[in-house]
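Shown here: model08.tsv, TSV, N, CA and C atoms.
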```
chain	number	residue	atom	x	y	z
A	1	GLN	N	-10.04	14.00	69.48
A	1	GLN	CA	-8.86	13.48	70.16
A	1	GLN	C	-7.75	13.26	69.15
A	2	VAL	N	-6.53	13.44	69.61
A	2	VAL	CA	-5.37	13.14	68.78
A	2	VAL	C	-4.34	12.47	69.68
A	3	GLN	N	-3.68	11.48	69.14
A	3	GLN	CA	-2.63	10.77	69.87
A	3	GLN	C	-1.29	11.11	69.24
A	4	LEU	N	-0.30	11.33	70.08
A	4	LEU	CA	1.03	11.72	69.64
A	4	LEU	C	2.06	10.74	70.18
A	5	VAL	N	2.95	10.29	69.31
A	5	VAL	CA	4.00	9.36	69.71
A	5	VAL	C	5.34	9.87	69.20
A	6	GLU	N	6.25	10.18	70.14
A	6	GLU	CA	7.58	10.66	69.78
A	6	GLU	C	8.54	9.50	69.59
A	7	SER	N	9.56	9.73	68.78
A	7	SER	CA	10.64	8.77	68.60
A	7	SER	C	11.88	9.51	68.16
A	8	GLY	N	13.00	8.80	68.16
A	8	GLY	CA	14.23	9.38	67.65
A	8	GLY	C	15.22	9.84	68.70
A	9	GLY	N	14.83	9.78	69.96
A	9	GLY	CA	15.77	10.17	71.00
A	9	GLY	C	16.87	9.15	71.16
A	10	GLY	N	17.84	9.50	71.98
A	10	GLY	CA	18.94	8.57	72.23
A	10	GLY	C	20.11	9.24	72.91
A	11	LEU	N	21.22	8.52	72.94
A	11	LEU	CA	22.46	9.00	73.54
A	11	LEU	C	23.38	9.46	72.41
A	12	VAL	N	23.89	10.68	72.53
A	12	VAL	CA	24.75	11.24	71.50
A	12	VAL	C	25.83	12.06	72.15
A	13	GLN	N	26.98	12.14	71.51
A	13	GLN	CA	28.06	12.96	72.03
A	13	GLN	C	27.81	14.44	71.73
A	14	ALA	N	28.41	15.26	72.53
A	14	ALA	CA	28.31	16.71	72.30
A	14	ALA	C	28.77	17.04	70.88
A	15	GLY	N	28.01	17.91	70.23
A	15	GLY	CA	28.28	18.26	68.84
A	15	GLY	C	27.52	17.42	67.84
A	16	GLY	N	26.91	16.35	68.33
A	16	GLY	CA	26.19	15.46	67.45
A	16	GLY	C	24.79	15.95	67.12
A	17	SER	N	24.08	15.10	66.37
A	17	SER	CA	22.75	15.45	65.89
A	17	SER	C	21.78	14.30	66.07
A	18	LEU	N	20.50	14.66	66.16
A	18	LEU	CA	19.42	13.69	66.18
A	18	LEU	C	18.25	14.29	65.41
A	19	ARG	N	17.37	13.41	64.96
A	19	ARG	CA	16.13	13.86	64.36
A	19	ARG	C	14.97	13.24	65.14
A	20	LEU	N	14.26	14.07	65.85
A	20	LEU	CA	13.11	13.62	66.61
A	20	LEU	C	11.86	13.67	65.72
A	21	SER	N	11.02	12.66	65.87
A	21	SER	CA	9.78	12.60	65.11
A	21	SER	C	8.60	12.49	66.05
A	22	CYS	N	7.47	13.00	65.62
A	22	CYS	CA	6.24	12.90	66.40
A	22	CYS	C	5.13	12.51	65.42
A	23	GLN	N	4.67	11.28	65.59
A	23	GLN	CA	3.62	10.76	64.71
A	23	GLN	C	2.26	10.99	65.36
A	24	ALA	N	1.35	11.59	64.61
A	24	ALA	CA	0.02	11.89	65.13
A	24	ALA	C	-1.02	10.96	64.51
A	25	SER	N	-2.02	10.66	65.29
A	25	SER	CA	-3.16	9.89	64.79
A	25	SER	C	-4.42	10.42	65.45
A	26	GLY	N	-5.55	10.14	64.85
A	26	GLY	CA	-6.80	10.61	65.40
A	26	GLY	C	-7.37	11.74	64.55
A	27	ARG	N	-7.71	12.83	65.19
A	27	ARG	CA	-8.30	13.96	64.49
A	27	ARG	C	-7.32	14.54	63.47
A	28	THR	N	-7.85	15.33	62.56
A	28	THR	CA	-7.06	15.86	61.45
A	28	THR	C	-5.83	16.61	61.95
A	29	PHE	N	-4.69	16.08	61.67
A	29	PHE	CA	-3.42	16.62	62.15
A	29	PHE	C	-3.17	18.02	61.63
A	30	SER	N	-3.56	18.27	60.41
A	30	SER	CA	-3.17	19.52	59.75
A	30	SER	C	-3.81	20.75	60.37
A	31	ILE	N	-4.82	20.59	61.20
A	31	ILE	CA	-5.47	21.77	61.78
A	31	ILE	C	-4.77	22.25	63.05
A	32	TYR	N	-3.79	21.50	63.51
A	32	TYR	CA	-3.15	21.85	64.76
A	32	TYR	C	-1.85	22.61	64.56
A	33	ALA	N	-1.65	23.62	65.41
A	33	ALA	CA	-0.31	24.14	65.60
A	33	ALA	C	0.43	23.10	66.44
A	34	MET	N	1.71	22.94	66.17
A	34	MET	CA	2.49	21.92	66.87
A	34	MET	C	3.68	22.54	67.57
A	35	GLY	N	4.13	21.90	68.61
A	35	GLY	CA	5.28	22.40	69.33
A	35	GLY	C	6.11	21.28	69.93
A	36	TRP	N	7.34	21.62	70.23
A	36	TRP	CA	8.24	20.73	70.97
A	36	TRP	C	8.62	21.44	72.27
A	37	PHE	N	8.59	20.66	73.34
A	37	PHE	CA	9.01	21.12	74.65
A	37	PHE	C	10.04	20.15	75.20
A	38	ARG	N	10.71	20.53	76.26
A	38	ARG	CA	11.63	19.61	76.92
A	38	ARG	C	11.58	19.85	78.42
A	39	GLN	N	11.96	18.79	79.14
A	39	GLN	CA	11.90	18.85	80.60
A	39	GLN	C	13.07	18.10	81.20
A	40	LEU	N	13.80	18.79	82.08
A	40	LEU	CA	14.86	18.18	82.84
A	40	LEU	C	14.29	17.72	84.17
A	41	PRO	N	14.92	16.73	84.80
A	41	PRO	CA	14.41	16.26	86.10
A	41	PRO	C	14.33	17.39	87.11
A	42	GLY	N	13.19	17.50	87.75
A	42	GLY	CA	13.00	18.51	88.78
A	42	GLY	C	12.76	19.92	88.26
A	43	GLN	N	12.65	20.05	86.94
A	43	GLN	CA	12.43	21.37	86.37
A	43	GLN	C	11.11	21.40	85.61
A	44	GLU	N	10.65	22.61	85.34
A	44	GLU	CA	9.41	22.77	84.59
A	44	GLU	C	9.66	22.48	83.11
A	45	ARG	N	8.60	22.04	82.44
A	45	ARG	CA	8.68	21.81	81.01
A	45	ARG	C	8.83	23.17	80.31
A	46	GLU	N	9.74	23.24	79.34
A	46	GLU	CA	10.01	24.50	78.68
A	46	GLU	C	9.81	24.40	77.17
A	47	PHE	N	9.38	25.50	76.59
A	47	PHE	CA	9.17	25.59	75.16
A	47	PHE	C	10.51	25.51	74.43
A	48	VAL	N	10.52	24.75	73.33
A	48	VAL	CA	11.71	24.63	72.50
A	48	VAL	C	11.47	25.24	71.12
A	49	ALA	N	10.39	24.79	70.45
A	49	ALA	CA	10.11	25.25	69.09
A	49	ALA	C	8.64	25.04	68.78
A	50	GLY	N	8.12	25.87	67.88
A	50	GLY	CA	6.73	25.72	67.47
A	50	GLY	C	6.58	26.01	65.99
A	51	ILE	N	5.48	25.50	65.42
A	51	ILE	CA	5.23	25.66	64.00
A	51	ILE	C	3.72	25.78	63.78
A	52	THR	N	3.34	26.62	62.84
A	52	THR	CA	1.93	26.77	62.53
A	52	THR	C	1.42	25.59	61.72
A	53	TRP	N	0.10	25.52	61.55
A	53	TRP	CA	-0.49	24.37	60.89
A	53	TRP	C	0.00	24.21	59.46
A	54	ASN	N	0.31	25.34	58.80
A	54	ASN	CA	0.70	25.31	57.39
A	54	ASN	C	2.19	25.52	57.18
A	55	SER	N	2.97	25.45	58.27
A	55	SER	CA	4.44	25.60	58.22
A	55	SER	C	4.91	26.98	57.81
A	56	GLU	N	4.01	27.95	57.76
A	56	GLU	CA	4.44	29.28	57.32
A	56	GLU	C	5.28	29.99	58.38
A	57	ARG	N	5.04	29.65	59.63
A	57	ARG	CA	5.77	30.33	60.71
A	57	ARG	C	6.36	29.31	61.66
A	58	THR	N	7.55	29.62	62.11
A	58	THR	CA	8.19	28.84	63.16
A	58	THR	C	8.76	29.81	64.19
A	59	TYR	N	9.00	29.28	65.38
A	59	TYR	CA	9.55	30.11	66.45
A	59	TYR	C	10.36	29.22	67.36
A	60	TYR	N	11.48	29.76	67.87
A	60	TYR	CA	12.39	28.96	68.66
A	60	TYR	C	12.76	29.67	69.96
A	61	ALA	N	13.02	28.88	70.97
A	61	ALA	CA	13.60	29.41	72.19
A	61	ALA	C	15.01	29.91	71.87
A	62	ASP	N	15.44	30.94	72.55
A	62	ASP	CA	16.77	31.51	72.29
A	62	ASP	C	17.87	30.47	72.47
A	63	SER	N	17.68	29.56	73.39
A	63	SER	CA	18.72	28.59	73.71
A	63	SER	C	18.98	27.59	72.59
A	64	VAL	N	18.04	27.46	71.66
A	64	VAL	CA	18.20	26.47	70.59
A	64	VAL	C	18.23	27.10	69.22
A	65	LYS	N	18.02	28.39	69.14
A	65	LYS	CA	17.95	29.08	67.86
A	65	LYS	C	19.26	28.88	67.08
A	66	GLY	N	19.13	28.51	65.82
A	66	GLY	CA	20.30	28.28	64.98
A	66	GLY	C	20.82	26.86	65.05
A	67	ARG	N	20.34	26.08	66.02
A	67	ARG	CA	20.79	24.68	66.16
A	67	ARG	C	19.66	23.68	65.91
A	68	PHE	N	18.46	24.06	66.26
A	68	PHE	CA	17.30	23.18	66.11
A	68	PHE	C	16.40	23.69	64.99
A	69	THR	N	15.75	22.76	64.29
A	69	THR	CA	14.82	23.12	63.22
A	69	THR	C	13.55	22.28	63.35
A	70	ILE	N	12.42	22.95	63.42
A	70	ILE	CA	11.13	22.26	63.47
A	70	ILE	C	10.52	22.27	62.06
A	71	SER	N	9.90	21.16	61.71
A	71	SER	CA	9.23	21.06	60.42
A	71	SER	C	8.07	20.07	60.57
A	72	ARG	N	7.23	20.02	59.55
A	72	ARG	CA	6.11	19.09	59.61
A	72	ARG	C	5.75	18.64	58.21
A	73	ASP	N	5.17	17.45	58.16
A	73	ASP	CA	4.67	16.89	56.91
A	73	ASP	C	3.23	16.48	57.19
A	74	ASN	N	2.29	17.31	56.77
A	74	ASN	CA	0.89	17.02	57.08
A	74	ASN	C	0.38	15.78	56.38
A	75	ALA	N	0.96	15.45	55.23
A	75	ALA	CA	0.56	14.24	54.52
A	75	ALA	C	0.92	12.99	55.31
A	76	LYS	N	1.97	13.09	56.11
A	76	LYS	CA	2.42	11.95	56.93
A	76	LYS	C	2.00	12.09	58.38
A	77	ASN	N	1.27	13.17	58.70
A	77	ASN	CA	0.84	13.40	60.09
A	77	ASN	C	2.01	13.38	61.06
A	78	THR	N	3.09	14.03	60.65
A	78	THR	CA	4.31	13.96	61.44
A	78	THR	C	4.94	15.35	61.57
A	79	VAL	N	5.44	15.63	62.76
A	79	VAL	CA	6.24	16.82	62.99
A	79	VAL	C	7.63	16.37	63.42
A	80	TYR	N	8.64	17.10	63.00
A	80	TYR	CA	10.02	16.74	63.24
A	80	TYR	C	10.74	17.84	64.03
A	81	LEU	N	11.77	17.44	64.72
A	81	LEU	CA	12.69	18.39	65.33
A	81	LEU	C	14.11	17.91	65.03
A	82	GLN	N	14.77	18.62	64.14
A	82	GLN	CA	16.17	18.32	63.84
A	82	GLN	C	17.02	19.06	64.87
A	83	VAL	N	17.81	18.31	65.61
A	83	VAL	CA	18.62	18.91	66.67
A	83	VAL	C	20.07	18.71	66.32
A	84	ASN	N	20.79	19.80	66.10
A	84	ASN	CA	22.19	19.77	65.71
A	84	ASN	C	23.05	20.45	66.77
A	85	SER	N	24.35	20.24	66.67
A	85	SER	CA	25.31	20.88	67.58
A	85	SER	C	24.87	20.71	69.03
A	86	LEU	N	24.51	19.51	69.38
A	86	LEU	CA	23.97	19.25	70.72
A	86	LEU	C	24.97	19.53	71.82
A	87	LYS	N	24.46	20.01	72.93
A	87	LYS	CA	25.25	20.33	74.11
A	87	LYS	C	24.75	19.49	75.27
A	88	PRO	N	25.60	19.24	76.26
A	88	PRO	CA	25.13	18.49	77.44
A	88	PRO	C	23.88	19.11	78.08
A	89	GLU	N	23.76	20.41	78.03
A	89	GLU	CA	22.59	21.06	78.64
A	89	GLU	C	21.32	20.86	77.84
A	90	ASP	N	21.41	20.25	76.67
A	90	ASP	CA	20.21	19.88	75.90
A	90	ASP	C	19.61	18.56	76.39
A	91	THR	N	20.32	17.88	77.30
A	91	THR	CA	19.82	16.62	77.83
A	91	THR	C	18.49	16.83	78.54
A	92	ALA	N	17.47	16.09	78.11
A	92	ALA	CA	16.12	16.26	78.65
A	92	ALA	C	15.20	15.23	78.00
A	93	VAL	N	13.99	15.15	78.52
A	93	VAL	CA	12.93	14.43	77.83
A	93	VAL	C	12.23	15.45	76.91
A	94	TYR	N	12.11	15.08	75.66
A	94	TYR	CA	11.51	15.97	74.67
A	94	TYR	C	10.09	15.50	74.37
A	95	TYR	N	9.16	16.45	74.40
A	95	TYR	CA	7.75	16.17	74.18
A	95	TYR	C	7.24	16.96	72.98
A	96	CYS	N	6.40	16.34	72.19
A	96	CYS	CA	5.67	17.11	71.19
A	96	CYS	C	4.25	17.34	71.70
A	97	ALA	N	3.64	18.39	71.17
A	97	ALA	CA	2.31	18.77	71.63
A	97	ALA	C	1.53	19.39	70.48
A	98	ALA	N	0.21	19.29	70.58
A	98	ALA	CA	-0.69	19.81	69.54
A	98	ALA	C	-1.65	20.82	70.15
A	99	SER	N	-1.89	21.89	69.43
A	99	SER	CA	-2.76	22.95	69.93
A	99	SER	C	-3.79	23.36	68.88
A	100	LEU	N	-5.02	23.52	69.36
A	100	LEU	CA	-6.09	24.05	68.52
A	100	LEU	C	-6.34	25.53	68.79
A	101	LYS	N	-5.53	26.10	69.67
A	101	LYS	CA	-5.80	27.45	70.15
A	101	LYS	C	-5.49	28.54	69.14
A	102	SER	N	-4.58	28.26	68.20
A	102	SER	CA	-4.18	29.31	67.27
A	102	SER	C	-4.19	28.76	65.86
A	103	ARG	N	-4.95	29.41	65.01
A	103	ARG	CA	-5.01	28.99	63.62
A	103	ARG	C	-3.83	29.52	62.82
A	104	TRP	N	-3.33	30.69	63.18
A	104	TRP	CA	-2.35	31.36	62.33
A	104	TRP	C	-1.02	31.65	62.99
A	105	GLY	N	-0.95	31.55	64.32
A	105	GLY	CA	0.29	31.87	64.99
A	105	GLY	C	0.92	30.66	65.65
A	106	VAL	N	2.20	30.80	65.96
A	106	VAL	CA	2.90	29.77	66.71
A	106	VAL	C	2.46	29.85	68.17
A	107	VAL	N	2.23	28.73	68.78
A	107	VAL	CA	1.80	28.67	70.18
A	107	VAL	C	3.01	28.41	71.05
A	108	VAL	N	3.27	29.32	71.95
A	108	VAL	CA	4.44	29.23	72.84
A	108	VAL	C	4.04	28.81	74.25
A	109	ASP	N	2.87	29.24	74.67
A	109	ASP	CA	2.41	29.00	76.04
A	109	ASP	C	2.05	27.53	76.22
A	110	ILE	N	2.67	26.89	77.19
A	110	ILE	CA	2.43	25.47	77.44
A	110	ILE	C	0.97	25.21	77.75
A	111	ASN	N	0.29	26.17	78.36
A	111	ASN	CA	-1.12	25.99	78.76
A	111	ASN	C	-2.08	26.04	77.57
A	112	GLU	N	-1.57	26.42	76.41
A	112	GLU	CA	-2.41	26.52	75.22
A	112	GLU	C	-2.37	25.24	74.38
A	113	TYR	N	-1.67	24.24	74.86
A	113	TYR	CA	-1.59	22.97	74.13
A	113	TYR	C	-2.61	21.99	74.67
A	114	ASP	N	-3.22	21.26	73.73
A	114	ASP	CA	-4.33	20.38	74.08
A	114	ASP	C	-3.92	18.91	74.25
A	115	TYR	N	-2.94	18.48	73.49
A	115	TYR	CA	-2.54	17.08	73.52
A	115	TYR	C	-1.02	16.97	73.59
A	116	TRP	N	-0.57	15.91	74.27
A	116	TRP	CA	0.86	15.69	74.49
A	116	TRP	C	1.23	14.25	74.19
A	117	GLY	N	2.48	14.09	73.72
A	117	GLY	CA	3.03	12.76	73.59
A	117	GLY	C	3.64	12.31	74.91
A	118	GLN	N	4.20	11.10	74.89
A	118	GLN	CA	4.75	10.53	76.12
A	118	GLN	C	6.21	10.93	76.35
A	119	GLY	N	6.84	11.50	75.35
A	119	GLY	CA	8.20	11.98	75.49
A	119	GLY	C	9.25	11.01	74.97
A	120	THR	N	10.39	11.56	74.57
A	120	THR	CA	11.53	10.75	74.15
A	120	THR	C	12.79	11.35	74.78
A	121	GLN	N	13.63	10.49	75.34
A	121	GLN	CA	14.81	10.95	76.07
A	121	GLN	C	15.94	11.27	75.11
A	122	VAL	N	16.53	12.44	75.32
A	122	VAL	CA	17.75	12.84	74.61
A	122	VAL	C	18.84	13.04	75.66
A	123	THR	N	19.94	12.32	75.51
A	123	THR	CA	21.05	12.44	76.44
A	123	THR	C	22.30	12.80	75.66
A	124	VAL	N	22.93	13.90	76.05
A	124	VAL	CA	24.12	14.38	75.36
A	124	VAL	C	25.31	14.25	76.31
A	125	SER	N	26.28	13.48	75.92
A	125	SER	CA	27.46	13.27	76.75
A	125	SER	C	28.55	14.26	76.36
A	126	SER	N	29.33	14.66	77.35
A	126	SER	CA	30.38	15.64	77.08
A	126	SER	C	31.68	14.97	76.70
```
Would you write the structure of this file as structure tokens?
Amino acid sequence: QVQLVESGGGLVQAGGSLRLSCQASGRTFSIYAMGWFRQLPGQEREFVAGITWNSERTYYADSVKGRFTISRDNAKNTVYLQVNSLKPEDTAVYYCAASLKSRWGVVVDINEYDYWGQGTQVTVSS
């Protein structure tokens, strides 16, 4: 089992930045591929960014490419999502997730994730 707790969300003006964090506890964090997803009210949860267990590979949704950066610090059991140049359409609840399904690749499929955090709200005002 692994527990995930997100933080760092908030209200920000368009063009602003936030740094989301996801603190993991429980089983060895470093063996998991990690990802960030987001969900708007009434919509399905969508993939935002993913990173392999050793940070060698990252992958981003087209909508955030060039603006968001995923990283991780296995010594601190933490994965981060730096979100820059925020737009009102980035407003959502952001979730981090952990996957044991892939040792070497980024996991994009929501169904391949084993554990989820409770989410952190990001609101971007225009």
Please extract the residues of chain A with a backbone DSSP assignment of helix (DSSP H, G or I) and present them as a PDB file with N, CA and C atoms, keeping the file's coordinate frame.
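Output (out.pdb):
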```pdb
ATOM      1  N   PHE A  29      -4.690  16.080  61.670  1.00  0.00           N
ATOM      2  CA  PHE A  29      -3.420  16.620  62.150  1.00  0.00           C
ATOM      3  C   PHE A  29      -3.170  18.020  61.630  1.00  0.00           C
ATOM      4  N   SER A  30      -3.560  18.270  60.410  1.00  0.00           N
ATOM      5  CA  SER A  30      -3.170  19.520  59.750  1.00  0.00           C
ATOM      6  C   SER A  30      -3.810  20.750  60.370  1.00  0.00           C
ATOM      7  N   ILE A  31      -4.820  20.590  61.200  1.00  0.00           N
ATOM      8  CA  ILE A  31      -5.470  21.770  61.780  1.00  0.00           C
ATOM      9  C   ILE A  31      -4.770  22.250  63.050  1.00  0.00           C
ATOM     10  N   ASN A  74       2.290  17.310  56.770  1.00  0.00           N
ATOM     11  CA  ASN A  74       0.890  17.020  57.080  1.00  0.00           C
ATOM     12  C   ASN A  74       0.380  15.780  56.380  1.00  0.00           C
ATOM     13  N   ALA A  75       0.960  15.450  55.230  1.00  0.00           N
ATOM     14  CA  ALA A  75       0.560  14.240  54.520  1.00  0.00           C
ATOM     15  C   ALA A  75       0.920  12.990  55.310  1.00  0.00           C
ATOM     16  N   LYS A  76       1.970  13.090  56.110  1.00  0.00           N
ATOM     17  CA  LYS A  76       2.420  11.950  56.930  1.00  0.00           C
ATOM     18  C   LYS A  76       2.000  12.090  58.380  1.00  0.00           C
ATOM     19  N   PRO A  88      25.600  19.240  76.260  1.00  0.00           N
ATOM     20  CA  PRO A  88      25.130  18.490  77.440  1.00  0.00           C
ATOM     21  C   PRO A  88      23.880  19.110  78.080  1.00  0.00           C
ATOM     22  N   GLU A  89      23.760  20.410  78.030  1.00  0.00           N
ATOM     23  CA  GLU A  89      22.590  21.060  78.640  1.00  0.00           C
ATOM     24  C   GLU A  89      21.320  20.860  77.840  1.00  0.00           C
ATOM     25  N   ASP A  90      21.410  20.250  76.670  1.00  0.00           N
ATOM     26  CA  ASP A  90      20.210  19.880  75.900  1.00  0.00           C
ATOM     27  C   ASP A  90      19.610  18.560  76.390  1.00  0.00           C
ATOM     28  N   ILE A 110       2.670  26.890  77.190  1.00  0.00           N
ATOM     29  CA  ILE A 110       2.430  25.470  77.440  1.00  0.00           C
ATOM     30  C   ILE A 110       0.970  25.210  77.750  1.00  0.00           C
ATOM     31  N   ASN A 111       0.290  26.170  78.360  1.00  0.00           N
ATOM     32  CA  ASN A 111      -1.120  25.990  78.760  1.00  0.00           C
ATOM     33  C   ASN A 111      -2.080  26.040  77.570  1.00  0.00           C
ATOM     34  N   GLU A 112      -1.570  26.420  76.410  1.00  0.00           N
ATOM     35  CA  GLU A 112      -2.410  26.520  75.220  1.00  0.00           C
ATOM     36  C   GLU A 112      -2.370  25.240  74.380  1.00  0.00           C
TER      37      GLU A 112
END
```
- Compute the distance from (2.7, 8.9, 70.1) to each atom, counting only N, CA and C atoms, keep the residues with any atom at most 6.5 Å away, and return them as a ChimeraX atom specification; use the coordinates of the file. /A:3-6,22-24,117-118
- Would you work out the distance separating atom N of Thr78 of chain A from atom CA of Arg38 of chain A, expressed in Å to one decimal? 19.2 Å
- Item | Leu81 of chain A environment, 6 Å, all atoms listed in the file, sequence neighbours closer than 3 positions dropped, as an NGL selection string | :A and (18-21 or 69-71)
Could the residues of segment 31-71 of chain A that have an atom at most 6 Å from segment 88-98 of chain A be listed as JSON lines, each with its closest atom pair and the distance in Å to one decimal, counting only C-alpha atoms and ordered by chain and ascending residue number?
```
{"residue": "A:Tyr32", "atom": "CA", "partner": "A:Ala98", "partner_atom": "CA", "distance": 5.7}
{"residue": "A:Ala33", "atom": "CA", "partner": "A:Ala98", "partner_atom": "CA", "distance": 5.9}
{"residue": "A:Met34", "atom": "CA", "partner": "A:Ala98", "partner_atom": "CA", "distance": 4.7}
{"residue": "A:Gly35", "atom": "CA", "partner": "A:Ala97", "partner_atom": "CA", "distance": 5.2}
{"residue": "A:Trp36", "atom": "CA", "partner": "A:Cys96", "partner_atom": "CA", "distance": 4.4}
{"residue": "A:Phe37", "atom": "CA", "partner": "A:Tyr95", "partner_atom": "CA", "distance": 5.1}
{"residue": "A:Arg38", "atom": "CA", "partner": "A:Tyr94", "partner_atom": "CA", "distance": 4.3}
{"residue": "A:Gln39", "atom": "CA", "partner": "A:Val93", "partner_atom": "CA", "distance": 5.3}
{"residue": "A:Leu40", "atom": "CA", "partner": "A:Ala92", "partner_atom": "CA", "distance": 4.8}
```
- Looking at only N, CA and C atoms, which of A:Pro41, A:Ser17, A:Ile31, A:Ala75 is the one that sits closest to Trp53 of chain A? A:Ile31
- Looking only at strand (DSSP E) from DSSP on the backbone, list the matching residues of segment 9-120 of chain A as a PyMOL selection string. chain A and resi 10-13+18-26+33-39+46-51+58-60+68-73+78-83+92-99+115-116+120
- Which residues, written as a list of chain:residue names, have at least one atom at most 8 Å from Ile110 of chain A, with only C-alpha atoms counted and residues fewer than 2 positions away on the same chain left out?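 Near Ile110 of chain A, the qualifying residues are A:Glu46, A:Phe47, A:Val107, A:Val108, A:Glu112, A:Tyr113.
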- Message: My list of candidates is A:Leu86, A:Ala49, A:Leu11, A:Val124. Which is closest to Val106 of chain A when distances are computed with only N, CA and C atoms?
- Response: A:Ala49
- Message: Here is a test: counting only C-alpha atoms, which residue of A:Asn77, A:Ser99, A:Gln43, A:Asn84 is nearest to Ala14 of chain A?
- Response: A:Asn84
- Item | Nearest-residue call for Ser126 of chain A, choices A:Thr58, A:Gln13, A:Ser30, A:Ser63, using only N, CA and C atoms | A:Gln13
- Kindly indicate which residue among A:Thr120, A:Gly105, A:Val2, A:Asp73 lies nearest to Ile51 of chain A, using all atoms listed in the file for the distances. A:Gly105
- State, in Å with one decimal place, the distance from atom CA of Leu100 of chain A to atom CA of Val122 of chain A.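 Computed distance, atom CA of Leu100 of chain A to atom CA of Val122 of chain A, equals 27.0 Å.
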- Pick out the closest residue to Ser85 of chain A from this set: A:Asp109, A:Tyr59, A:Lys101, A:Gly66. Count only C-alpha atoms.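 Ranked by minimum distance to Ser85 of chain A, first place goes to A:Gly66.
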